[in-house]
>>> print(open('upload.cif').read())   # mmCIF, C-alpha atoms and all ligand atoms
data_structure
#
loop_
_atom_site.group_PDB
_atom_site.id
_atom_site.type_symbol
_atom_site.label_atom_id
_atom_site.label_comp_id
_atom_site.auth_asym_id
_atom_site.auth_seq_id
_atom_site.Cartn_x
_atom_site.Cartn_y
_atom_site.Cartn_z
ATOM 1 C CA MET A 1 -65.875 51.471 9.679
ATOM 2 C CA ASN A 2 -63.665 49.055 7.804
ATOM 3 C CA ILE A 3 -64.079 45.350 8.299
ATOM 4 C CA PRO A 4 -60.629 43.654 8.489
ATOM 5 C CA ASP A 5 -59.792 41.447 5.495
ATOM 6 C CA GLU A 6 -59.180 38.441 7.698
ATOM 7 C CA LEU A 7 -62.672 38.753 9.129
ATOM 8 C CA ILE A 8 -64.170 39.070 5.636
ATOM 9 C CA GLN A 9 -62.389 35.864 4.721
ATOM 10 C CA ALA A 10 -63.547 34.156 7.886
ATOM 11 C CA LEU A 11 -67.170 35.170 7.234
ATOM 12 C CA GLN A 12 -67.049 33.888 3.697
ATOM 13 C CA GLN A 13 -65.155 30.698 4.365
ATOM 14 C CA THR A 14 -66.179 29.756 7.862
ATOM 15 C CA ALA A 15 -68.700 27.008 7.925
ATOM 16 C CA ARG A 16 -69.784 27.334 11.536
ATOM 17 C CA VAL A 17 -70.932 30.578 13.106
ATOM 18 C CA THR A 18 -72.526 31.115 16.501
ATOM 19 C CA VAL A 19 -73.944 34.513 17.470
ATOM 20 C CA MET A 20 -74.909 35.625 20.939
ATOM 21 C CA THR A 21 -76.953 38.797 21.453
ATOM 22 C CA GLY A 22 -77.864 40.879 24.495
ATOM 23 C CA ALA A 23 -79.883 43.930 25.427
ATOM 24 C CA GLY A 24 -77.741 46.239 23.256
ATOM 25 C CA ILE A 25 -79.182 44.954 19.971
ATOM 26 C CA SER A 26 -82.728 45.781 21.049
ATOM 27 C CA GLN A 27 -81.884 49.236 22.318
ATOM 28 C CA GLU A 28 -82.191 50.606 18.785
ATOM 29 C CA SER A 29 -85.756 49.237 18.747
ATOM 30 C CA GLY A 30 -86.563 51.277 21.826
ATOM 31 C CA ILE A 31 -86.603 48.376 24.287
ATOM 32 C CA PRO A 32 -85.140 49.700 27.500
ATOM 33 C CA THR A 33 -82.722 47.455 29.349
ATOM 34 C CA PHE A 34 -84.063 46.019 32.554
ATOM 35 C CA ARG A 35 -82.475 48.701 34.651
ATOM 36 C CA ASP A 36 -83.553 51.533 32.327
ATOM 37 C CA ALA A 37 -87.105 50.203 32.481
ATOM 38 C CA MET A 38 -87.365 50.986 36.175
ATOM 39 C CA GLU A 39 -88.836 54.370 35.442
ATOM 40 C CA GLY A 40 -92.050 56.301 36.008
ATOM 41 C CA LEU A 41 -94.415 54.441 38.284
ATOM 42 C CA TRP A 42 -91.918 51.626 38.625
ATOM 43 C CA ALA A 43 -88.941 53.748 39.636
ATOM 44 C CA LYS A 44 -89.468 53.002 43.291
ATOM 45 C CA TYR A 45 -89.000 49.249 42.837
ATOM 46 C CA ASP A 46 -85.836 47.246 42.869
ATOM 47 C CA PRO A 47 -85.528 44.633 40.064
ATOM 48 C CA ALA A 48 -85.341 42.014 42.813
ATOM 49 C CA GLU A 49 -88.850 43.044 43.875
ATOM 50 C CA LEU A 50 -90.231 42.235 40.443
ATOM 51 C CA ALA A 51 -88.076 39.622 38.781
ATOM 52 C CA THR A 52 -87.839 36.863 41.346
ATOM 53 C CA PRO A 53 -90.041 33.874 42.186
ATOM 54 C CA GLU A 54 -90.328 35.255 45.741
ATOM 55 C CA ALA A 55 -91.698 38.578 44.443
ATOM 56 C CA PHE A 56 -94.301 36.683 42.388
ATOM 57 C CA GLU A 57 -95.337 34.647 45.402
ATOM 58 C CA ARG A 58 -95.587 37.742 47.555
ATOM 59 C CA ASP A 59 -97.417 39.965 45.094
ATOM 60 C CA PRO A 60 -98.446 38.180 41.866
ATOM 61 C CA GLU A 61 -100.674 41.086 40.855
ATOM 62 C CA ARG A 62 -97.882 43.640 40.851
ATOM 63 C CA VAL A 63 -95.338 41.373 39.176
ATOM 64 C CA THR A 64 -97.657 40.259 36.369
ATOM 65 C CA ARG A 65 -98.870 43.826 35.765
ATOM 66 C CA TRP A 66 -95.263 44.983 35.362
ATOM 67 C CA TYR A 67 -94.462 42.145 32.955
ATOM 68 C CA ASP A 68 -97.653 42.708 30.996
ATOM 69 C CA GLU A 69 -96.730 46.357 30.460
ATOM 70 C CA ARG A 70 -93.294 45.259 29.265
ATOM 71 C CA ARG A 71 -94.944 42.675 26.999
ATOM 72 C CA MET A 72 -96.927 45.479 25.341
ATOM 73 C CA LYS A 73 -93.727 47.458 24.742
ATOM 74 C CA CYS A 74 -92.082 44.417 23.174
ATOM 75 C CA LEU A 75 -95.103 43.656 20.973
ATOM 76 C CA SER A 76 -95.262 47.200 19.633
ATOM 77 C CA ALA A 77 -91.491 47.407 19.033
ATOM 78 C CA ARG A 78 -90.128 46.684 15.589
ATOM 79 C CA PRO A 79 -86.981 44.713 14.862
ATOM 80 C CA ASN A 80 -84.153 46.965 13.672
ATOM 81 C CA ALA A 81 -81.428 46.671 11.035
ATOM 82 C CA GLY A 82 -79.319 44.528 13.408
ATOM 83 C CA HIS A 83 -82.068 41.935 13.907
ATOM 84 C CA HIS A 84 -82.805 41.861 10.172
ATOM 85 C CA ALA A 85 -79.118 41.445 9.332
ATOM 86 C CA LEU A 86 -78.862 38.363 11.566
ATOM 87 C CA ALA A 87 -81.929 36.847 9.900
ATOM 88 C CA ARG A 88 -80.268 37.439 6.510
ATOM 89 C CA MET A 89 -77.056 35.829 7.729
ATOM 90 C CA GLU A 90 -78.964 32.781 8.930
ATOM 91 C CA SER A 91 -80.500 32.368 5.471
ATOM 92 C CA ALA A 92 -77.181 32.907 3.707
ATOM 93 C CA PHE A 93 -75.421 30.313 5.847
ATOM 94 C CA GLN A 94 -78.219 27.795 5.564
ATOM 95 C CA ASP A 95 -78.485 28.285 1.797
ATOM 96 C CA ARG A 96 -74.858 27.356 1.403
ATOM 97 C CA GLY A 97 -75.299 24.371 3.728
ATOM 98 C CA ASP A 98 -73.326 25.903 6.585
ATOM 99 C CA TYR A 99 -74.018 26.039 10.279
ATOM 100 C CA PHE A 100 -75.423 29.180 11.945
ATOM 101 C CA VAL A 101 -76.822 29.356 15.454
ATOM 102 C CA LEU A 102 -78.336 32.408 17.138
ATOM 103 C CA ILE A 103 -78.395 32.559 20.923
ATOM 104 C CA THR A 104 -80.073 35.466 22.705
ATOM 105 C CA GLN A 105 -80.361 36.651 26.264
ATOM 106 C CA ASN A 106 -83.265 38.910 25.253
ATOM 107 C CA ILE A 107 -86.852 38.049 26.065
ATOM 108 C CA ASP A 108 -88.455 40.480 23.602
ATOM 109 C CA GLY A 109 -88.976 38.089 20.674
ATOM 110 C CA LEU A 110 -87.560 40.585 18.144
ATOM 111 C CA HIS A 111 -85.221 38.076 16.482
ATOM 112 C CA ARG A 112 -88.217 35.926 15.577
ATOM 113 C CA SER A 113 -90.154 38.981 14.385
ATOM 114 C CA ALA A 114 -87.226 39.786 12.097
ATOM 115 C CA GLY A 115 -87.453 36.327 10.548
ATOM 116 C CA SER A 116 -84.734 34.391 12.346
ATOM 117 C CA ARG A 117 -86.007 30.834 12.295
ATOM 118 C CA ASP A 118 -83.863 29.140 14.880
ATOM 119 C CA VAL A 119 -83.337 31.218 18.025
ATOM 120 C CA ILE A 120 -82.100 29.835 21.330
ATOM 121 C CA GLU A 121 -83.803 32.000 23.946
ATOM 122 C CA LEU A 122 -81.681 31.509 27.060
ATOM 123 C CA HIS A 123 -83.864 33.702 29.240
ATOM 124 C CA GLY A 124 -87.210 32.657 27.787
ATOM 125 C CA SER A 125 -89.771 34.915 26.116
ATOM 126 C CA ILE A 126 -92.055 37.579 27.529
ATOM 127 C CA ARG A 127 -94.593 36.736 24.823
ATOM 128 C CA ARG A 128 -95.116 33.260 26.205
ATOM 129 C CA TRP A 129 -96.971 32.816 29.503
ATOM 130 C CA ARG A 130 -97.376 29.632 31.457
ATOM 131 C CA CYS A 131 -99.495 28.313 34.277
ATOM 132 C CA VAL A 132 -97.637 27.685 37.506
ATOM 133 C CA ALA A 133 -100.100 24.904 38.380
ATOM 134 C CA CYS A 134 -100.428 22.836 35.189
ATOM 135 C CA ASN A 135 -97.468 24.269 33.233
ATOM 136 C CA ARG A 136 -99.546 24.832 30.083
ATOM 137 C CA ALA A 137 -97.909 27.602 28.022
ATOM 138 C CA ARG A 138 -99.069 29.659 25.079
ATOM 139 C CA ASP A 139 -98.073 32.791 23.193
ATOM 140 C CA GLU A 140 -99.885 35.993 24.121
ATOM 141 C CA ASP A 141 -99.967 38.409 21.213
ATOM 142 C CA GLY A 142 -103.103 40.355 22.179
ATOM 143 C CA GLY A 143 -103.756 43.398 24.393
ATOM 144 C CA LEU A 144 -103.321 43.752 28.131
ATOM 145 C CA PHE A 145 -104.768 41.036 30.335
ATOM 146 C CA GLU A 146 -108.070 41.870 32.032
ATOM 147 C CA THR A 147 -107.051 40.736 35.492
ATOM 148 C CA TYR A 148 -103.803 40.287 37.341
ATOM 149 C CA PRO A 149 -102.469 37.747 37.732
ATOM 150 C CA PRO A 150 -103.956 36.233 34.577
ATOM 151 C CA ARG A 151 -105.534 32.819 35.191
ATOM 152 C CA CYS A 152 -105.282 29.527 33.369
ATOM 153 C CA GLU A 153 -108.364 27.456 32.434
ATOM 154 C CA CYS A 154 -107.372 25.190 35.334
ATOM 155 C CA GLY A 155 -107.612 28.147 37.745
ATOM 156 C CA GLY A 156 -103.851 28.397 38.304
ATOM 157 C CA MET A 157 -101.936 31.664 38.119
ATOM 158 C CA ARG A 158 -100.063 32.415 34.917
ATOM 159 C CA ARG A 159 -96.625 34.003 34.749
ATOM 160 C CA PRO A 160 -94.321 35.106 31.932
ATOM 161 C CA ASP A 161 -92.142 32.267 30.665
ATOM 162 C CA VAL A 162 -88.927 34.133 31.447
ATOM 163 C CA VAL A 163 -86.033 33.280 33.714
ATOM 164 C CA TRP A 164 -86.108 35.227 36.968
ATOM 165 C CA PHE A 165 -83.159 35.943 39.234
ATOM 166 C CA GLY A 166 -82.409 32.801 41.198
ATOM 167 C CA GLU A 167 -84.052 30.452 38.657
ATOM 168 C CA PHE A 168 -82.373 27.884 36.456
ATOM 169 C CA LEU A 169 -81.954 28.546 32.774
ATOM 170 C CA PRO A 170 -83.937 26.212 30.484
ATOM 171 C CA GLU A 171 -81.804 23.107 30.330
ATOM 172 C CA ALA A 172 -82.282 22.258 26.673
ATOM 173 C CA ALA A 173 -81.439 25.832 25.642
ATOM 174 C CA VAL A 174 -78.234 25.830 27.691
ATOM 175 C CA ARG A 175 -77.235 22.460 26.263
ATOM 176 C CA ARG A 176 -77.748 23.641 22.685
ATOM 177 C CA ALA A 177 -75.996 26.955 23.324
ATOM 178 C CA THR A 178 -72.995 25.197 24.852
ATOM 179 C CA ALA A 179 -72.792 22.758 21.954
ATOM 180 C CA ALA A 180 -73.008 25.656 19.492
ATOM 181 C CA SER A 181 -70.205 27.494 21.282
ATOM 182 C CA LEU A 182 -68.031 24.398 21.355
ATOM 183 C CA SER A 183 -68.422 23.578 17.710
ATOM 184 C CA CYS A 184 -68.300 26.962 15.980
ATOM 185 C CA ASN A 185 -65.208 28.485 14.467
ATOM 186 C CA LEU A 186 -66.481 32.074 14.549
ATOM 187 C CA PHE A 187 -68.317 33.407 17.607
ATOM 188 C CA LEU A 188 -69.997 36.836 17.460
ATOM 189 C CA SER A 189 -70.863 38.589 20.696
ATOM 190 C CA VAL A 190 -73.319 41.425 19.985
ATOM 191 C CA GLY A 191 -74.688 44.057 22.359
ATOM 192 C CA THR A 192 -73.957 42.232 25.567
ATOM 193 C CA SER A 193 -71.831 43.304 28.492
ATOM 194 C CA GLY A 194 -70.865 39.637 28.636
ATOM 195 C CA VAL A 195 -70.481 39.579 32.376
ATOM 196 C CA VAL A 196 -73.658 37.810 33.407
ATOM 197 C CA TYR A 197 -73.679 33.996 33.361
ATOM 198 C CA PRO A 198 -73.991 32.284 30.911
ATOM 199 C CA ALA A 199 -72.802 34.866 28.362
ATOM 200 C CA ALA A 200 -69.251 34.899 29.698
ATOM 201 C CA ASP A 201 -69.136 31.097 29.844
ATOM 202 C CA LEU A 202 -70.315 30.634 26.284
ATOM 203 C CA LEU A 203 -67.743 33.068 24.980
ATOM 204 C CA ASN A 204 -64.974 31.371 26.967
ATOM 205 C CA THR A 205 -66.118 27.967 25.780
ATOM 206 C CA ALA A 206 -65.887 29.110 22.171
ATOM 207 C CA LYS A 207 -62.495 30.724 22.730
ATOM 208 C CA VAL A 208 -61.003 27.679 24.439
ATOM 209 C CA ALA A 209 -62.386 25.425 21.697
ATOM 210 C CA GLY A 210 -60.445 27.512 19.173
ATOM 211 C CA ALA A 211 -63.068 29.819 17.669
ATOM 212 C CA LYS A 212 -62.248 33.351 16.570
ATOM 213 C CA ILE A 213 -64.181 35.884 18.632
ATOM 214 C CA VAL A 214 -65.834 39.009 17.191
ATOM 215 C CA GLU A 215 -67.367 41.657 19.402
ATOM 216 C CA VAL A 216 -69.900 44.246 18.198
ATOM 217 C CA ASN A 217 -70.444 46.935 20.798
ATOM 218 C CA PRO A 218 -70.045 50.715 20.907
ATOM 219 C CA GLU A 219 -68.229 50.328 24.238
ATOM 220 C CA PRO A 220 -65.439 48.001 25.300
ATOM 221 C CA THR A 221 -66.550 45.233 27.676
ATOM 222 C CA PRO A 222 -64.711 42.676 29.810
ATOM 223 C CA ALA A 223 -65.041 40.341 26.809
ATOM 224 C CA SER A 224 -63.072 42.733 24.577
ATOM 225 C CA ALA A 225 -59.822 41.335 25.950
ATOM 226 C CA PHE A 226 -60.705 37.939 24.433
ATOM 227 C CA ALA A 227 -61.893 39.273 21.107
ATOM 228 C CA ASP A 228 -59.896 38.685 17.960
ATOM 229 C CA TRP A 229 -61.837 41.520 16.356
ATOM 230 C CA MET A 230 -63.579 44.321 18.217
ATOM 231 C CA LEU A 231 -65.978 46.162 15.908
ATOM 232 C CA PRO A 232 -66.857 49.359 17.737
ATOM 233 C CA GLY A 233 -70.310 50.520 16.732
ATOM 234 C CA ARG A 234 -74.018 49.955 17.012
ATOM 235 C CA ALA A 235 -75.421 46.581 16.033
ATOM 236 C CA GLY A 236 -77.749 48.298 13.542
ATOM 237 C CA ASP A 237 -74.767 49.808 11.714
ATOM 238 C CA VAL A 238 -72.240 46.964 11.915
ATOM 239 C CA LEU A 239 -74.337 43.817 11.392
ATOM 240 C CA PRO A 240 -75.781 44.836 7.986
ATOM 241 C CA LYS A 241 -72.174 45.121 6.760
ATOM 242 C CA LEU A 242 -71.372 41.618 8.021
ATOM 243 C CA ALA A 243 -74.571 40.285 6.425
ATOM 244 C CA GLU A 244 -73.688 41.883 3.123
ATOM 245 C CA ILE A 245 -70.196 40.315 3.200
ATOM 246 C CA THR A 246 -71.711 36.925 4.004
ATOM 247 C CA GLU A 247 -74.212 37.185 1.166
ATOM 248 C CA ARG A 248 -71.586 38.280 -1.347
ATOM 249 C CA LYS A 249 -70.091 34.791 -1.066
ATOM 250 C CA ARG A 250 -73.196 33.318 -2.705
ATOM 251 C CA MET A 251 -72.872 35.262 -5.931
HETATM 252 N N1 LIG B 301 -75.416 48.007 19.573
HETATM 253 C C1 LIG B 301 -74.605 47.110 20.191
HETATM 254 N N2 LIG B 301 -74.358 47.130 21.512
HETATM 255 C C2 LIG B 301 -74.948 48.078 22.252
HETATM 256 C C3 LIG B 301 -75.800 49.058 21.679
HETATM 257 C C4 LIG B 301 -76.030 48.999 20.269
HETATM 258 N N3 LIG B 301 -76.824 49.868 19.644
HETATM 259 N N4 LIG B 301 -76.238 49.870 22.674
HETATM 260 C C5 LIG B 301 -75.687 49.428 23.810
HETATM 261 N N5 LIG B 301 -74.895 48.354 23.572
HETATM 262 C C6 LIG B 301 -74.143 47.524 24.531
HETATM 263 C C7 LIG B 301 -73.692 48.222 25.783
HETATM 264 O O1 LIG B 301 -72.454 48.892 25.579
HETATM 265 C C8 LIG B 301 -73.555 47.043 26.756
HETATM 266 O O2 LIG B 301 -72.256 46.468 26.681
HETATM 267 O O3 LIG B 301 -74.998 46.497 24.961
HETATM 268 C C9 LIG B 301 -74.557 46.026 26.217
HETATM 269 C C10 LIG B 301 -75.775 45.830 27.099
HETATM 270 O O4 LIG B 301 -75.374 45.239 28.300
HETATM 271 P P1 LIG B 301 -76.421 44.781 29.426
HETATM 272 O O5 LIG B 301 -77.419 45.878 29.665
HETATM 273 O O6 LIG B 301 -75.632 44.264 30.585
HETATM 274 O O7 LIG B 301 -77.240 43.625 28.704
HETATM 275 P P2 LIG B 301 -76.956 42.081 28.655
HETATM 276 O O8 LIG B 301 -75.527 41.795 28.425
HETATM 277 O O9 LIG B 301 -77.977 41.529 27.725
HETATM 278 O O10 LIG B 301 -77.337 41.660 30.133
HETATM 279 C C11 LIG B 301 -77.435 40.314 30.430
HETATM 280 O O11 LIG B 301 -78.458 40.765 32.589
HETATM 281 O O12 LIG B 301 -79.986 42.300 33.431
HETATM 282 C C12 LIG B 301 -79.733 40.957 33.140
HETATM 283 O O13 LIG B 301 -81.242 39.288 32.510
HETATM 284 C C13 LIG B 301 -80.743 40.538 32.123
HETATM 285 O O14 LIG B 301 -80.465 39.435 30.013
HETATM 286 C C14 LIG B 301 -79.946 40.412 30.853
HETATM 287 C C15 LIG B 301 -78.560 40.046 31.378
#
>>> encode(input="upload.cif", output="structure tokens")
Amino acid sequence: MNIPDELIQALQQTARVTVMTGAGISQESGIPTFRDAMEGLWAKYDPAELATPEAFERDPERVTRWYDERRMKCLSARPNAGHHALARMESAFQDRGDYFVLITQNIDGLHRSAGSRDVIELHGSIRRWRCVACNRARDEDGGLFETYPPRCECGGMRRPDVVWFGEFLPEAAVRRATAASLSCNLFLSVGTSGVVYPAADLLNTAKVAGAKIVEVNPEPTPASAFADWMLPGRAGDVLPKLAEITERKRM
């Protein structure tokens, strides 16, 4: 696939880039999307029975077991060429003193594993668990928990530090993501259907503020209509090309 000249120029001259990623970028690492993950033993459940505060209250054992199994999948997954390319772009932009912000809707932690230093995790992280009683949170990088729900030292139940349906997004993350969308002049939307709040809002914010919009997705999405450049393809194929163009500027 050819990258349009205007986009090459924008990547090399634009000082402010904001990237937003969704489930599509992690698909190539074997992380099933939420809906695809409802398989095997879990096929009989509705996401609303597992990913809501009410479900946790009703059956904390089942909900934490499900999330712990997903945590294991995320820990054993490896970041792919798309994740690595974004980490390279972050370095290239920062090295030349330019602004680069990465926002993700994914909870799998793969951007950090790939070396991205500054990641705004809008939906939290499945690797971090917190106590519902005392709020203490820590990363969990080891094997499966021994009991469900896992317990805090204070005796409280622990839950994954992710945003469930019906919960608010972390305020500081939303504030930073909105500011990044307002102040960028190139906004990349990667592997997201862009329909779920806040993805659509962030893209609109960037568009209205005058940024050029780039979409990387093998399929058209509702956001494609707003895109200045639609790059049809998989994140793992397209992003390394964009990273290479960005890095070429440094030479
Ligand atoms: N590279 C790039 N894009 C891809 C790839 C790939 N290899 N494979 C699939 N896609 C695209 C699909 O075409 C689709 O547009 O990724 C998008 C995934 O869309 P969703 O599954 O809706 O994921 P996302 O946009 O992250 O969903 C947002 O909804 O289910 C909730 O909380 C969940 O964070 C999630 C939110």
>>> residues_near_ligand(input="upload.cif", ligand="ligand LIG 301 (chain B)", cutoff="7 Å", atoms="only C-alpha atoms and all ligand atoms", output="list in words")
Thr21, Gly22, Ala23, Gly24, Ile25, Gln27, Glu28, Thr33, Phe34, Arg35, Gln105, Asn106, His123, Val190, Gly191, Thr192, Ser193, Gly194, Val195, Val196, Val216, Asn217, Pro218, Glu219, Thr221, Gly233, Arg234, Ala235 and Gly236 of chain A
>>> write_last_selection(input="upload.cif", atoms="C-alpha atoms", output="PDB file, in the coordinates of the input")
ATOM      1  CA  THR A  21     -76.953  38.797  21.453  1.00  0.00           C
ATOM      2  CA  GLY A  22     -77.864  40.879  24.495  1.00  0.00           C
ATOM      3  CA  ALA A  23     -79.883  43.930  25.427  1.00  0.00           C
ATOM      4  CA  GLY A  24     -77.741  46.239  23.256  1.00  0.00           C
ATOM      5  CA  ILE A  25     -79.182  44.954  19.971  1.00  0.00           C
ATOM      6  CA  GLN A  27     -81.884  49.236  22.318  1.00  0.00           C
ATOM      7  CA  GLU A  28     -82.191  50.606  18.785  1.00  0.00           C
ATOM      8  CA  THR A  33     -82.722  47.455  29.349  1.00  0.00           C
ATOM      9  CA  PHE A  34     -84.063  46.019  32.554  1.00  0.00           C
ATOM     10  CA  ARG A  35     -82.475  48.701  34.651  1.00  0.00           C
ATOM     11  CA  GLN A 105     -80.361  36.651  26.264  1.00  0.00           C
ATOM     12  CA  ASN A 106     -83.265  38.910  25.253  1.00  0.00           C
ATOM     13  CA  HIS A 123     -83.864  33.702  29.240  1.00  0.00           C
ATOM     14  CA  VAL A 190     -73.319  41.425  19.985  1.00  0.00           C
ATOM     15  CA  GLY A 191     -74.688  44.057  22.359  1.00  0.00           C
ATOM     16  CA  THR A 192     -73.957  42.232  25.567  1.00  0.00           C
ATOM     17  CA  SER A 193     -71.831  43.304  28.492  1.00  0.00           C
ATOM     18  CA  GLY A 194     -70.865  39.637  28.636  1.00  0.00           C
ATOM     19  CA  VAL A 195     -70.481  39.579  32.376  1.00  0.00           C
ATOM     20  CA  VAL A 196     -73.658  37.810  33.407  1.00  0.00           C
ATOM     21  CA  VAL A 216     -69.900  44.246  18.198  1.00  0.00           C
ATOM     22  CA  ASN A 217     -70.444  46.935  20.798  1.00  0.00           C
ATOM     23  CA  PRO A 218     -70.045  50.715  20.907  1.00  0.00           C
ATOM     24  CA  GLU A 219     -68.229  50.328  24.238  1.00  0.00           C
ATOM     25  CA  THR A 221     -66.550  45.233  27.676  1.00  0.00           C
ATOM     26  CA  GLY A 233     -70.310  50.520  16.732  1.00  0.00           C
ATOM     27  CA  ARG A 234     -74.018  49.955  17.012  1.00  0.00           C
ATOM     28  CA  ALA A 235     -75.421  46.581  16.033  1.00  0.00           C
ATOM     29  CA  GLY A 236     -77.749  48.298  13.542  1.00  0.00           C
TER      30      GLY A 236
END
>>> closest_atom_pairs(input="upload.cif", of="segment 121-148 of chain A", to="segment 166-173 of chain A", cutoff="12 Å", atoms="all atoms listed in the file", output="Markdown table")
| residue | atom | partner | partner_atom | distance |
| --- | --- | --- | --- | --- |
| A:Glu121 | CA | A:Ala173 | CA | 6.8 |
| A:Leu122 | CA | A:Ala173 | CA | 5.9 |
| A:His123 | CA | A:Leu169 | CA | 6.5 |
| A:Gly124 | CA | A:Pro170 | CA | 7.7 |
| A:Ser125 | CA | A:Pro170 | CA | 11.4 |
>>> atom_distance(input="upload.cif", atom1="atom CA of Asp95 of chain A", atom2="atom CA of Glu247 of chain A")
9.9 Å
>>> resolve_selection(input="upload.cif", expression="the PyMOL selection byres (((chain A and resi 103) around 6) and not hetatm)", output="ChimeraX atom specification")
/A:19-20,102,104,119-120
>>> atom_distance(input="upload.cif", atom1="atom CA of Leu202 of chain A", atom2="atom CA of Leu182 of chain A")
8.3 Å
>>> closest_residue(input="upload.cif", among="A:Leu186, A:Lys241, A:Thr246, A:Gln94", to="Trp229 of chain A", atoms="only C-alpha atoms")
A:Leu186
>>> residues_around(input="upload.cif", residues="Arg62 of chain A", least_positions_apart="3", cutoff="9 Å", atoms="all atoms listed in the file", output="NGL selection string")
:A and (50 or 55-56 or 59 or 65-67 or 148-149)
>>> closest_residue(input="upload.cif", among="A:Ala200, A:Leu7, A:Ala48, A:Val101", to="Phe226 of chain A", atoms="only C-alpha atoms")
A:Ala200
>>> closest_residue(input="upload.cif", among="A:Gly109, A:Pro240, A:Pro47, A:Pro222", to="Asp161 of chain A", atoms="only C-alpha atoms")
A:Gly109
>>> decode(input="upload.cif", residues="segment 162-167 of chain A", atoms="all heavy atoms", output="PDB file, in the first residue's frame")
ATOM      1  N   VAL A 162     -10.530  -2.185  35.713  1.00  0.00           N
ATOM      2  CA  VAL A 162     -11.013  -1.878  34.367  1.00  0.00           C
ATOM      3  C   VAL A 162     -12.368  -1.185  34.500  1.00  0.00           C
ATOM      4  O   VAL A 162     -12.985  -1.241  35.553  1.00  0.00           O
ATOM      5  CB  VAL A 162     -11.168  -3.155  33.501  1.00  0.00           C
ATOM      6  CG1 VAL A 162      -9.839  -3.875  33.361  1.00  0.00           C
ATOM      7  CG2 VAL A 162     -12.222  -4.102  34.090  1.00  0.00           C
ATOM      8  N   VAL A 163     -12.769  -0.551  33.407  1.00  0.00           N
ATOM      9  CA  VAL A 163     -14.052   0.152  33.429  1.00  0.00           C
ATOM     10  C   VAL A 163     -15.140  -0.804  32.956  1.00  0.00           C
ATOM     11  O   VAL A 163     -15.064  -1.339  31.847  1.00  0.00           O
ATOM     12  CB  VAL A 163     -13.999   1.403  32.521  1.00  0.00           C
ATOM     13  CG1 VAL A 163     -15.351   2.107  32.495  1.00  0.00           C
ATOM     14  CG2 VAL A 163     -12.910   2.358  32.993  1.00  0.00           C
ATOM     15  N   TRP A 164     -16.128  -1.033  33.798  1.00  0.00           N
ATOM     16  CA  TRP A 164     -17.237  -1.909  33.424  1.00  0.00           C
ATOM     17  C   TRP A 164     -18.373  -1.096  32.827  1.00  0.00           C
ATOM     18  O   TRP A 164     -18.466   0.123  33.030  1.00  0.00           O
ATOM     19  CB  TRP A 164     -17.727  -2.661  34.680  1.00  0.00           C
ATOM     20  CG  TRP A 164     -16.852  -3.819  35.049  1.00  0.00           C
ATOM     21  CD1 TRP A 164     -16.082  -4.558  34.203  1.00  0.00           C
ATOM     22  CD2 TRP A 164     -16.656  -4.376  36.366  1.00  0.00           C
ATOM     23  NE1 TRP A 164     -15.420  -5.546  34.901  1.00  0.00           N
ATOM     24  CE2 TRP A 164     -15.752  -5.458  36.213  1.00  0.00           C
ATOM     25  CE3 TRP A 164     -17.145  -4.076  37.630  1.00  0.00           C
ATOM     26  CZ2 TRP A 164     -15.342  -6.238  37.295  1.00  0.00           C
ATOM     27  CZ3 TRP A 164     -16.746  -4.854  38.703  1.00  0.00           C
ATOM     28  CH2 TRP A 164     -15.847  -5.923  38.541  1.00  0.00           C
ATOM     29  N   PHE A 165     -19.246  -1.794  32.101  1.00  0.00           N
ATOM     30  CA  PHE A 165     -20.427  -1.124  31.541  1.00  0.00           C
ATOM     31  C   PHE A 165     -21.161  -0.411  32.671  1.00  0.00           C
ATOM     32  O   PHE A 165     -21.375  -0.990  33.742  1.00  0.00           O
ATOM     33  CB  PHE A 165     -21.364  -2.137  30.872  1.00  0.00           C
ATOM     34  CG  PHE A 165     -20.755  -2.797  29.667  1.00  0.00           C
ATOM     35  CD1 PHE A 165     -20.386  -4.135  29.686  1.00  0.00           C
ATOM     36  CD2 PHE A 165     -20.533  -2.073  28.493  1.00  0.00           C
ATOM     37  CE1 PHE A 165     -19.809  -4.744  28.569  1.00  0.00           C
ATOM     38  CE2 PHE A 165     -19.956  -2.672  27.373  1.00  0.00           C
ATOM     39  CZ  PHE A 165     -19.599  -4.009  27.414  1.00  0.00           C
ATOM     40  N   GLY A 166     -21.513   0.832  32.420  1.00  0.00           N
ATOM     41  CA  GLY A 166     -22.257   1.592  33.429  1.00  0.00           C
ATOM     42  C   GLY A 166     -21.361   2.345  34.406  1.00  0.00           C
ATOM     43  O   GLY A 166     -21.855   3.064  35.261  1.00  0.00           O
ATOM     44  N   GLU A 167     -20.032   2.178  34.292  1.00  0.00           N
ATOM     45  CA  GLU A 167     -19.118   2.912  35.186  1.00  0.00           C
ATOM     46  C   GLU A 167     -18.524   4.125  34.471  1.00  0.00           C
ATOM     47  O   GLU A 167     -18.459   4.156  33.241  1.00  0.00           O
ATOM     48  CB  GLU A 167     -17.988   1.995  35.659  1.00  0.00           C
ATOM     49  CG  GLU A 167     -18.471   0.900  36.587  1.00  0.00           C
ATOM     50  CD  GLU A 167     -17.323   0.101  37.188  1.00  0.00           C
ATOM     51  OE1 GLU A 167     -16.368  -0.228  36.472  1.00  0.00           O
ATOM     52  OE2 GLU A 167     -17.399  -0.204  38.380  1.00  0.00           O
TER      53      GLU A 167
END
